[in-house]
Structure formats: structure tokens, C-alpha cells
$ cat my_file_26.txt   # compact mmCIF, C-alpha atoms
# COMPACT_ATOMS: atom_id res chain seq x y z
CA THR A 1 -6.94 11.98 15.64
CA VAL A 2 -9.68 13.88 17.42
CA SER A 3 -12.33 12.52 15.05
CA VAL A 4 -11.28 8.91 15.71
CA LEU A 5 -11.50 9.47 19.48
CA TYR A 6 -14.88 11.13 18.97
CA TRP A 7 -16.33 8.10 17.18
CA GLN A 8 -14.83 5.72 19.74
CA ASP A 9 -16.28 7.72 22.64
CA MET A 10 -19.72 8.02 21.10
CA SER A 11 -19.76 4.35 20.10
CA ALA A 12 -19.04 3.44 23.71
CA ASP A 13 -22.05 5.50 24.77
CA ALA A 14 -24.18 3.68 22.21
CA ALA A 15 -22.96 0.31 23.48
CA ASN A 16 -23.88 1.34 27.02
CA GLY A 17 -27.33 2.50 25.96
CA ASP A 18 -26.63 6.11 26.94
CA GLY A 19 -29.38 8.07 25.21
CA LYS A 20 -28.90 11.23 27.28
CA ARG A 21 -26.00 12.64 25.32
CA GLY A 22 -27.75 13.40 22.04
CA GLY A 23 -27.16 17.13 22.48
CA ALA A 24 -23.51 16.57 23.36
CA ILE A 25 -23.11 14.31 20.34
CA ARG A 26 -24.51 16.92 18.00
CA ALA A 27 -22.48 19.73 19.57
CA LEU A 28 -19.20 17.81 19.39
CA GLY A 29 -20.01 16.72 15.84
CA ALA A 30 -20.52 20.36 14.85
CA ARG A 31 -17.18 21.35 16.40
CA LEU A 32 -15.39 18.54 14.58
CA ARG A 33 -16.94 19.51 11.26
CA ALA A 34 -15.84 23.10 11.83
CA ARG A 35 -12.36 21.81 12.66
CA GLY A 36 -12.37 19.75 9.46
CA LYS A 37 -13.15 22.85 7.45
CA SER A 38 -10.61 25.02 9.25
CA ASN A 39 -7.77 22.55 8.71
CA GLY A 40 -8.78 22.01 5.09
CA MET A 41 -9.48 18.27 5.21
CA ARG A 42 -11.85 18.59 2.26
CA TYR A 43 -10.03 21.43 0.49
CA ASN A 44 -10.26 20.62 -3.22
CA PRO A 45 -8.15 22.71 -5.64
CA PHE A 46 -8.31 20.54 -8.78
CA GLY A 47 -11.54 21.80 -10.38
CA LEU A 48 -12.55 18.46 -11.90
CA PHE A 49 -16.26 18.88 -11.20
CA GLU A 50 -18.85 21.62 -11.02
CA MET A 51 -21.44 21.19 -8.27
CA LYS A 52 -24.78 22.92 -7.86
CA VAL A 53 -27.22 22.45 -4.99
CA VAL A 54 -30.74 22.45 -6.44
CA GLY A 55 -32.68 21.64 -3.27
CA ILE A 56 -32.70 20.34 0.28
CA GLU A 57 -34.48 17.11 1.23
CA PRO A 58 -35.12 15.48 4.61
CA ASP A 59 -34.34 11.83 5.12
CA PRO A 60 -37.54 9.83 4.50
CA VAL A 61 -37.08 7.87 7.75
CA GLU A 62 -35.33 10.40 10.01
CA PRO A 63 -36.40 13.89 8.89
CA GLU A 64 -33.90 15.57 11.21
CA LYS A 65 -31.22 14.40 8.78
CA LEU A 66 -31.08 16.85 5.88
CA PHE A 67 -29.57 16.20 2.45
CA ASN A 68 -28.42 18.48 -0.31
CA ASP A 69 -29.93 17.60 -3.68
CA CYS A 70 -26.82 18.11 -5.84
CA VAL A 71 -25.94 18.05 -9.52
CA TYR A 72 -22.31 17.14 -10.22
CA THR A 73 -20.92 17.74 -13.72
CA HIS A 74 -17.57 16.38 -14.88
CA VAL A 75 -15.79 19.27 -16.56
CA ALA A 76 -13.73 17.21 -19.02
CA THR A 77 -16.55 15.03 -20.40
CA GLY A 78 -19.78 16.83 -19.45
CA ALA A 79 -21.09 13.71 -17.71
CA SER A 80 -23.43 14.62 -14.86
CA VAL A 81 -25.41 13.01 -12.09
CA ARG A 82 -27.97 14.24 -9.57
CA MET A 83 -27.60 12.80 -6.10
CA PHE A 84 -28.33 13.31 -2.41
CA GLU A 85 -25.51 14.18 -0.03
CA ARG A 86 -25.78 14.72 3.70
CA ARG A 87 -25.74 18.36 4.76
CA GLU A 88 -23.01 18.96 7.30
CA VAL A 89 -25.19 21.45 9.20
CA SER A 90 -27.73 18.69 9.95
CA GLY A 91 -25.24 17.24 12.40
CA THR A 92 -24.40 13.79 13.69
CA THR A 93 -27.40 12.07 15.27
CA VAL A 94 -27.72 9.40 17.92
CA SER A 95 -28.78 6.91 15.24
CA ASP A 96 -25.59 7.72 13.29
CA ILE A 97 -23.55 6.79 16.35
CA ARG A 98 -25.50 3.61 16.99
CA THR A 99 -25.14 2.52 13.37
CA ALA A 100 -21.40 3.22 13.49
CA HIS A 101 -21.11 1.17 16.68
CA THR A 102 -23.06 -1.75 15.20
CA ASP A 103 -21.12 -1.79 11.92
CA GLY A 104 -17.74 -0.73 13.30
CA ILE A 105 -17.59 1.90 10.52
CA ASP A 106 -18.22 5.63 10.94
CA ASN A 107 -20.44 7.66 8.62
CA THR A 108 -17.81 9.86 6.95
CA GLY A 109 -19.04 8.45 3.63
CA ASN A 110 -22.08 10.70 4.03
CA PHE A 111 -19.91 13.66 3.15
CA HIS A 112 -18.04 14.52 0.01
CA TRP A 113 -14.28 13.87 -0.08
CA PRO A 114 -12.06 15.26 -2.86
CA THR A 115 -10.28 11.98 -3.66
CA GLU A 116 -13.63 10.53 -4.79
CA GLU A 117 -13.66 13.16 -7.55
CA ILE A 118 -10.19 12.13 -8.67
CA LEU A 119 -11.24 8.47 -8.78
CA ALA A 120 -14.33 9.34 -10.84
CA HIS A 121 -12.26 11.55 -13.14
CA SER A 122 -9.68 8.82 -13.68
CA LEU A 123 -12.39 6.42 -14.83
CA LEU A 124 -14.43 8.83 -16.92
CA ALA A 125 -11.51 10.52 -18.67
CA GLY A 126 -9.07 7.63 -18.61
CA ALA A 127 -9.65 3.96 -17.88
CA LEU A 128 -13.22 3.68 -19.16
CA ALA A 129 -12.74 6.10 -22.04
CA ASP A 130 -9.81 4.01 -23.25
CA SER A 131 -11.36 0.61 -22.46
CA SER A 132 -11.94 -1.86 -25.26
CA ASP A 133 -14.33 -3.81 -23.03
CA GLY A 134 -17.85 -2.64 -23.80
CA SER A 135 -19.31 -3.71 -20.45
CA PRO A 136 -16.68 -3.63 -17.69
CA CYS A 137 -17.72 -4.61 -14.18
CA ILE A 138 -16.46 -2.31 -11.43
CA LEU A 139 -16.65 -2.88 -7.68
CA GLU A 140 -16.28 0.27 -5.59
CA LEU A 141 -15.24 -0.16 -1.96
CA GLY A 142 -15.91 2.46 0.68
CA ALA A 143 -18.05 4.28 -1.86
CA GLY A 144 -20.05 6.53 0.44
CA ALA A 145 -22.93 8.13 -1.47
CA SER A 146 -20.88 7.10 -4.55
CA LEU A 147 -20.35 10.00 -6.89
CA CYS A 148 -17.92 7.74 -8.76
CA GLY A 149 -20.09 4.65 -9.14
CA LEU A 150 -23.22 6.61 -10.05
CA LEU A 151 -21.39 8.71 -12.65
CA VAL A 152 -19.72 5.71 -14.25
CA ARG A 153 -23.05 3.92 -14.59
CA ALA A 154 -24.79 7.06 -15.94
CA ALA A 155 -22.04 7.96 -18.42
CA HIS A 156 -21.41 4.40 -19.62
CA PRO A 157 -24.79 2.60 -19.78
CA ARG A 158 -23.14 -0.73 -20.62
CA ALA A 159 -20.84 -0.57 -17.60
CA ARG A 160 -21.81 -2.71 -14.63
CA VAL A 161 -21.25 -1.23 -11.18
CA ILE A 162 -21.36 -2.64 -7.64
CA ILE A 163 -21.43 0.13 -5.02
CA THR A 164 -20.47 -0.87 -1.47
CA ASP A 165 -19.75 0.74 1.88
CA GLY A 166 -19.43 -0.58 5.41
CA ASN A 167 -21.79 1.85 7.11
CA ARG A 168 -25.46 0.84 6.88
CA GLY A 169 -26.78 4.40 6.84
CA VAL A 170 -24.40 5.43 4.08
CA VAL A 171 -25.42 2.41 1.98
CA ASP A 172 -29.07 3.42 2.32
CA VAL A 173 -28.25 6.86 0.89
CA ALA A 174 -26.38 5.30 -2.05
CA ALA A 175 -29.34 2.97 -2.69
CA ARG A 176 -31.70 5.95 -2.60
CA ASN A 177 -29.52 7.73 -5.16
CA ALA A 178 -29.38 4.69 -7.43
CA ALA A 179 -33.16 4.21 -7.26
CA ARG A 180 -33.84 7.81 -8.26
CA ILE A 181 -31.27 7.94 -11.07
CA PHE A 182 -31.77 4.53 -12.66
CA GLY A 183 -35.30 3.63 -11.60
CA THR A 184 -34.15 0.56 -9.72
CA GLU A 185 -36.20 -0.75 -6.84
CA GLN A 186 -35.04 0.71 -3.55
CA PRO A 187 -34.97 -1.84 -0.72
CA PRO A 188 -36.30 -0.84 2.72
CA ALA A 189 -33.84 1.10 4.86
CA GLY A 190 -31.41 -1.25 6.57
CA GLN A 191 -31.73 -3.99 3.97
CA ASP A 192 -29.73 -4.95 0.89
CA GLN A 193 -31.10 -6.23 -2.36
CA LEU A 194 -28.54 -8.87 -3.28
CA LEU A 195 -29.06 -9.83 -6.90
CA THR A 196 -28.61 -13.01 -8.88
CA ALA A 197 -26.17 -12.91 -11.79
CA ALA A 198 -29.08 -12.62 -14.24
CA GLU A 199 -30.68 -9.75 -12.29
CA PHE A 200 -27.38 -7.92 -12.10
CA GLU A 201 -26.81 -8.34 -15.83
CA ARG A 202 -30.23 -6.80 -16.46
CA ARG A 203 -29.93 -3.91 -13.99
CA ARG A 204 -26.16 -3.41 -14.32
CA MET A 205 -26.13 -1.89 -10.83
CA MET A 206 -26.14 -3.22 -7.28
CA VAL A 207 -25.76 -1.37 -3.97
CA ALA A 208 -24.87 -3.38 -0.88
CA GLN A 209 -23.26 -3.19 2.52
CA LEU A 210 -19.84 -4.81 2.48
CA LEU A 211 -17.93 -5.12 5.73
CA TRP A 212 -14.42 -6.14 4.74
CA HIS A 213 -14.01 -8.53 7.67
CA ARG A 214 -17.32 -10.18 6.77
CA ALA A 215 -17.05 -10.08 3.00
CA ASP A 216 -17.65 -13.82 2.73
CA ALA A 217 -21.32 -13.28 3.62
CA VAL A 218 -21.90 -11.18 0.49
CA LEU A 219 -19.66 -13.29 -1.73
CA ASP A 220 -21.34 -16.49 -0.59
CA ALA A 221 -24.76 -14.98 -1.33
CA CYS A 222 -23.58 -13.66 -4.70
CA PRO A 223 -20.76 -15.99 -5.84
CA TRP A 224 -20.96 -14.57 -9.37
CA ILE A 225 -19.25 -11.39 -8.13
CA LEU A 226 -15.83 -13.06 -8.07
CA ASP A 227 -16.21 -14.12 -11.71
CA GLU A 228 -17.62 -10.82 -12.97
CA VAL A 229 -15.61 -8.03 -11.31
CA ASP A 230 -12.93 -6.70 -13.68
CA SER A 231 -11.62 -3.95 -11.43
CA ILE A 232 -11.88 -2.92 -7.79
CA VAL A 233 -11.65 0.80 -7.06
CA ALA A 234 -11.57 2.88 -3.89
CA ALA A 235 -10.84 6.46 -2.87
CA ASP A 236 -9.15 7.54 0.37
CA CYS A 237 -9.89 4.28 2.22
CA LEU A 238 -6.51 3.65 3.85
CA PHE A 239 -6.48 6.12 6.73
CA PHE A 240 -7.64 3.66 9.44
CA ASP A 241 -4.91 1.11 10.08
CA GLN A 242 -7.23 -1.30 11.85
CA TYR A 243 -8.95 -2.10 8.53
CA HIS A 244 -5.78 -2.74 6.51
CA ALA A 245 -5.54 -6.49 7.09
CA ASP A 246 -9.21 -7.05 6.20
CA LEU A 247 -8.92 -4.93 3.06
CA LYS A 248 -5.79 -6.76 1.99
CA GLY A 249 -7.52 -10.11 2.50
CA LEU A 250 -10.51 -9.02 0.42
CA LEU A 251 -8.33 -7.75 -2.43
CA CYS A 252 -6.24 -10.91 -2.43
CA ARG A 253 -9.34 -13.08 -2.66
CA PHE A 254 -10.37 -11.31 -5.87
CA LEU A 255 -6.88 -11.12 -7.34
CA ARG A 256 -6.23 -14.83 -6.77
CA HIS A 257 -9.63 -16.03 -7.94
CA GLU A 258 -9.43 -18.09 -11.12
CA ARG A 259 -11.84 -16.30 -13.44
CA PRO A 260 -13.44 -17.77 -16.57
CA ALA A 261 -10.95 -18.06 -19.43
CA GLU A 262 -12.63 -15.31 -21.45
CA ARG A 263 -12.33 -12.76 -18.63
CA PRO A 264 -9.11 -10.80 -18.01
CA PRO A 265 -7.53 -10.92 -14.54
CA CYS A 266 -9.04 -8.64 -11.92
CA VAL A 267 -7.05 -5.48 -11.15
CA VAL A 268 -7.18 -3.01 -8.26
CA SER A 269 -7.01 0.79 -8.56
CA LEU A 270 -6.79 2.82 -5.35
CA PHE A 271 -6.35 6.55 -4.87
CA ALA A 272 -5.12 7.68 -1.45
CA PRO A 273 -3.17 10.59 0.03
CA THR A 274 -0.21 9.59 2.15
CA ARG A 275 -1.84 10.77 5.43
CA GLY A 276 1.33 10.41 7.45
CA THR A 277 2.51 6.83 7.00
CA THR A 278 -0.86 5.09 6.66
CA MET A 279 -0.73 4.67 2.90
CA GLN A 280 2.87 3.46 3.04
CA ARG A 281 2.04 0.89 5.68
CA PHE A 282 -0.72 -0.58 3.54
CA VAL A 283 1.57 -0.74 0.51
CA ASP A 284 4.16 -2.51 2.66
CA MET A 285 1.53 -5.11 3.62
CA LEU A 286 0.85 -5.75 -0.05
CA ARG A 287 4.57 -6.03 -0.72
CA ASP A 288 4.67 -9.00 1.63
CA GLU A 289 2.73 -11.00 -0.97
CA PRO A 290 5.23 -12.29 -3.58
CA ASP A 291 2.56 -12.99 -6.19
CA LEU A 292 1.31 -9.38 -6.32
CA THR A 293 2.57 -6.60 -8.55
CA VAL A 294 2.10 -3.20 -6.91
CA THR A 295 2.87 0.21 -8.36
CA VAL A 296 2.48 3.63 -6.78
CA THR A 297 2.67 6.78 -8.86
CA ALA A 298 2.07 10.51 -8.62
CA GLU A 299 2.16 10.90 -12.41
CA TYR A 300 -1.32 9.70 -13.33
CA ASP A 301 -2.96 12.86 -14.72
CA ALA A 302 -1.33 15.89 -16.35
CA HIS A 303 -3.85 18.43 -15.04
CA ILE A 304 -3.72 17.16 -11.45
CA ALA A 305 0.09 17.01 -11.56
CA ALA A 306 0.25 20.60 -12.84
CA VAL A 307 -2.05 21.91 -10.09
CA HIS A 308 -0.06 19.98 -7.48
CA ALA A 309 3.23 21.41 -8.75
CA ARG A 310 1.87 24.98 -8.91
CA LEU A 311 0.44 24.95 -5.38
CA SER A 312 3.52 23.24 -3.95
CA GLU A 313 5.88 25.73 -5.55
CA ALA A 314 3.72 28.66 -4.43
CA GLY A 315 3.71 27.41 -0.86
CA ASP A 316 -0.09 27.69 -0.64
CA PRO A 317 -0.80 27.34 3.11
CA GLU A 318 -4.18 25.69 2.44
CA TYR A 319 -2.68 22.98 0.27
CA VAL A 320 -1.16 20.10 2.23
CA PRO A 321 -0.15 17.28 -0.16
CA ASP A 322 -0.20 14.75 2.67
CA ARG A 323 -3.98 15.26 2.87
CA HIS A 324 -4.96 16.74 -0.48
CA PHE A 325 -2.85 15.01 -3.15
CA PRO A 326 -3.67 11.32 -3.59
CA LEU A 327 -1.25 8.88 -5.13
CA HIS A 328 -2.45 6.14 -7.46
CA ILE A 329 -1.90 2.56 -6.31
CA THR A 330 -2.47 -0.31 -8.73
CA VAL A 331 -2.38 -3.96 -7.71
CA SER A 332 -2.52 -7.04 -9.89
CA ARG A 333 -1.49 -10.65 -9.64
CA ASN A 334 1.86 -11.30 -11.18
CA ALA A 335 1.32 -13.33 -14.35
CA ALA A 336 4.30 -15.55 -13.68
CA SER A 337 3.10 -16.26 -10.14
CA ALA A 338 -0.30 -17.29 -11.43
CA THR A 339 1.48 -20.08 -13.34
CA HIS A 340 4.35 -20.76 -10.96
CA ALA A 341 3.19 -20.17 -7.40
CA ASP A 342 6.72 -20.13 -6.04
CA THR A 343 7.96 -17.32 -8.28
CA GLU A 344 8.71 -14.23 -6.23
CA THR A 345 8.40 -10.61 -7.44
CA ASP A 346 9.46 -7.32 -5.97
CA ALA A 347 7.55 -4.76 -7.96
CA VAL A 348 6.61 -2.15 -5.37
CA ASN A 349 7.79 1.34 -6.26
CA VAL A 350 6.70 3.96 -3.75
CA PRO A 351 7.80 7.51 -4.56
CA GLY A 352 10.11 8.84 -1.89
CA SER A 353 10.59 5.49 -0.17

$ encode --input "my_file_26.txt" --output "C-alpha cells"
Amino acid sequence: TVSVLYWQDMSADAANGDGKRGGAIRALGARLRARGKSNGMRYNPFGLFEMKVVGIEPDPVEPEKLFNDCVYTHVATGASVRMFERREVSGTTVSDIRTAHTDGIDNTGNFHWPTEEILAHSLLAGALADSSDGSPCILELGAGASLCGLLVRAAHPRARVIITDGNRGVVDVAARNAARIFGTEQPPAGQDQLLTAAEFERRRMMVAQLLWHRADAVLDACPWILDEVDSIVAADCLFFDQYHADLKGLLCRFLRHERPAERPPCVVSLFAPTRGTTMQRFVDMLRDEPDLTVTVTAEYDAHIAAVHARLSEAGDPEYVPDRHFPLHITVSRNAASATHADTETDAVNVPGS
């Protein structure tokens, strides 16, 4: 896509130390954001949240970066959270490009994506509301500023949440949000505050950079994570094929980890639109693992299904299911395979495949 080529081009400039193209970077960034709006990439017809901007704040380190001070309210439960989100009009800066080049991850997590709302809704109105576990531990991958993780922690005080993203700048925004909402200590920009198991149990929240191809660094520093995480969640994180193998490896490490006897097996819950064949290709990669049970469904929420059906039948030109309607992917380790490693399963069911 144009946006992928944009990030590759600008990252090359950063690698070459080209500091003369700041204006060009910002101008191209503005055109791409306008293109994103015009082609409806973030069109959101489901009405799961109400959002109100109550102020505008500059970044404490780079004041040219402006953030909306937003209040999001979940319509079904009334749960709300106040958080900072990057203003699109503030543009992409040279430091954004350099951070993306260093981390290998762009900063799209700075901006709000509709699938994040669906993930948050599914937890608030479904999985957590129905959970018999009083203090579930949730790891969010590719969280961005983390509407989902912040809301879950605010609405369910006993829940324990680990918010992660690959982009350093995005992680700093999530940490800033967590510090303001929950009164946790905010580490200096560019640094993580990796907690011990006891500290995490007390705070019930941790924000950290997690690069999927370097996940061992975080897991080695915090080995308790493998024992504690009950579910891994992510929203719209499958659109870059080059990250699929690393994501699969990370998920498999958690799913195959032998947890303490009193803890249930870890499960994975992903929401992703099809985006051409990218989602299908990731599901096919998971299907190659005989010890995993994978399901894919479009029938995960009555309200969302009804809106999807209505817009599809009406032929709404703004609504493109390939971009706007995420499917729900769940992954778990097959119980029989956990006991008999040679047992094979074939449990993938992809609608339309």
C-alpha cells in the first residue's frame, strides 16, 4: 500500500541521517491521513462508544506533537476512561520516522482504529462480564494508546492488564495514560518499567514495549508473565505479513507453556478484518500447528452482526467489510495434544474458505 511505501521511504531517510526532509515528511503524512479518511480506513458504523474531546495537550517532550484529551464511554455498560490520543492534524514528525526505523514498527497505534473498540466491547460486555475468574490477567499486543486495556482495568479493578506495543513512542503515550488514570509511576520517555510479580500483583497494570521478534528479552526479564497471562488479545494486528511468523512464535510460546496446575490454559482472542488475504494467510500459518485449535467466526455479537447485515444489504458505499468488519479468531492448545504430543487436529473453520 501507499502507507507501507511511505514508512519504508521515510525509514530509509532516517537510516541515512537525512534531516532535510522534515517538511516533506509532514506534507506526505498529511496527504496519507487525508487519503485514509477519504477511503474510509477508520470508518466506524457500530456505535459501541461515545467519544468527547475535552481538551488538547502538547507532548511533554516534543510539544509539536499534539494530543486530544478524550473521554470514551462504552454505551452498553457505561464504563468510561479518559485518555490522550494523537491528533492527526499534528502530523508525522522526523522523530516519529526515526523511532519507526529503530523499532521496525510504524506509529499507527497513535491513532484510533475501530477494531480496538470491538475488542474492548467484547471484553467489557462479554468475556469479562461472564468470567468466573475474579482477577483475570490479560496481555494486549499491538495495543497502541490502549483504549481496550485501560478500559478493562478501569471497569474491572481486580483485572490485571499488560499493555504492549512495538513502537517506542506509542508505548510512551500508553504509559502516560496509565499514569494519569491509575496513579502509577510513569517511567521516563523511552524506558519501560518492568515489574516483578509482586509489583504487578499490587499495581495490576504494566505497560511495556514488546517487539515480537525480541519477545524473549521481556519474558526473560519478567518470567512470571508466562505463568500469569490467562488470555492474549489483539485488534487489527495482522495486516503486515512480515510480522506473521514472529507473532505466531510468540503466541505458541504462551499456548505451549506449562502453567501452574491451578491456572487454566492460556487462550488467544484476536479481532481482524480480512484485509485482502492477510488474515487468511495468518490463520493458515496457525493451521500448520497440529496441537492448536483455531476457530474463526463472524457471529460473535448480535448488534455488530445486525449492523453488518444492514449495511451490506443496503450497499452502503462507505462500508467495506474487508476493512471495516473484523472476524473473531480464537486460538487454544488442543487438550488432547497437551497430553499426547503426536495427536493431530484439524479445527480451523474460516468462513468462506

$ closest_residue --input "my_file_26.txt" --among "A:Pro63, A:Pro326, A:Pro264, A:Pro157" --to "Trp113 (chain A)" --atoms "all atoms listed in the file"
A:Pro326

$ closest_atom_pairs --input "my_file_26.txt" --of "region 187-262 of chain A" --to "region 93-104 of chain A" --cutoff "12 Å" --atoms "only C-alpha atoms" --output "tab-separated table"
residue	atom	partner	partner_atom	distance
A:Gly190	CA	A:Thr99	CA	10.0
A:Gln209	CA	A:Asp103	CA	9.7
A:Leu210	CA	A:Asp103	CA	10.0
A:Leu211	CA	A:Asp103	CA	7.7
A:Trp212	CA	A:Gly104	CA	10.7
A:His213	CA	A:Gly104	CA	10.3
A:Arg214	CA	A:Asp103	CA	10.6
A:Phe240	CA	A:Gly104	CA	11.7
A:Gln242	CA	A:Gly104	CA	10.6
A:Tyr243	CA	A:Gly104	CA	10.1

$ atom_distance --input "my_file_26.txt" --atom1 "CA of Glu64 (chain A)" --atom2 "CA of Arg86 (chain A)"
11.1 Å

$ closest_residue --input "my_file_26.txt" --among "A:Leu247, A:Ala189, A:Leu292, A:Leu270" --to "Val61 (chain A)" --atoms "all atoms listed in the file"
A:Ala189

$ residues_around --input "my_file_26.txt" --residues "Pro321 (chain A)" --least-positions-apart "6" --cutoff "8 Å" --atoms "all atoms listed in the file" --output "list in words"
Pro273, His308 and Ser312 of chain A

$ residues_around --input "my_file_26.txt" --residues "Val229 (chain A)" --least-positions-apart "3" --cutoff "12 Å" --atoms "all atoms listed in the file" --output "JSON, numbers by chain"
{"A": [135, 136, 137, 138, 139, 140, 159, 160, 161, 162, 163, 197, 200, 204, 219, 222, 223, 224, 225, 226, 232, 233, 251, 253, 254, 255, 257, 258, 259, 260, 263, 264, 265, 266, 267, 268]}

$ atom_distance --input "my_file_26.txt" --atom1 "CA of Phe182 (chain A)" --atom2 "CA of Asn110 (chain A)"
20.3 Å

$ residues_around --input "my_file_26.txt" --residues "Cys237 (chain A)" --least-positions-apart "4" --cutoff "12 Å" --atoms "only C-alpha atoms" --output "number ranges by chain"
A: 105, 108-109, 113, 115-116, 119, 140-144, 165-166, 212, 233, 241-244, 247-248, 269-275, 278-279, 282, 326, 329

$ atom_distance --input "my_file_26.txt" --atom1 "CA of His328 (chain A)" --atom2 "CA of Thr297 (chain A)"
5.3 Å

$ residues_around --input "my_file_26.txt" --residues "Leu286 (chain A)" --least-positions-apart "5" --cutoff "9 Å" --atoms "only C-alpha atoms" --output "CSV table (one decimal) with C-alpha atoms, in the frame of the given file"
chain,number,residue,atom,x,y,z
A,248,LYS,CA,-5.8,-6.8,2.0
A,281,ARG,CA,2.0,0.9,5.7
A,292,LEU,CA,1.3,-9.4,-6.3
A,293,THR,CA,2.6,-6.6,-8.6
A,294,VAL,CA,2.1,-3.2,-6.9
A,331,VAL,CA,-2.4,-4.0,-7.7
A,348,VAL,CA,6.6,-2.2,-5.4

$ residues_around --input "my_file_26.txt" --residues "Asn68 (chain A)" --least-positions-apart "6" --cutoff "7 Å" --atoms "only C-alpha atoms" --output "number ranges by chain"
A: 53, 55-57, 84-87

$ write_last_selection --input "my_file_26.txt" --atoms "C-alpha atoms" --output "mmCIF file, in the frame of the given file"
data_model
loop_
_atom_site.group_PDB
_atom_site.id
_atom_site.type_symbol
_atom_site.label_atom_id
_atom_site.label_comp_id
_atom_site.auth_asym_id
_atom_site.auth_seq_id
_atom_site.Cartn_x
_atom_site.Cartn_y
_atom_site.Cartn_z
ATOM 1 C CA VAL A 53 -27.220 22.450 -4.990
ATOM 2 C CA GLY A 55 -32.680 21.640 -3.270
ATOM 3 C CA ILE A 56 -32.700 20.340 0.280
ATOM 4 C CA GLU A 57 -34.480 17.110 1.230
ATOM 5 C CA PHE A 84 -28.330 13.310 -2.410
ATOM 6 C CA GLU A 85 -25.510 14.180 -0.030
ATOM 7 C CA ARG A 86 -25.780 14.720 3.700
ATOM 8 C CA ARG A 87 -25.740 18.360 4.760
#

$ closest_residue --input "my_file_26.txt" --among "A:Asn167, A:Ser80, A:Gln280, A:Gln191" --to "Cys148 (chain A)" --atoms "only C-alpha atoms"
A:Ser80
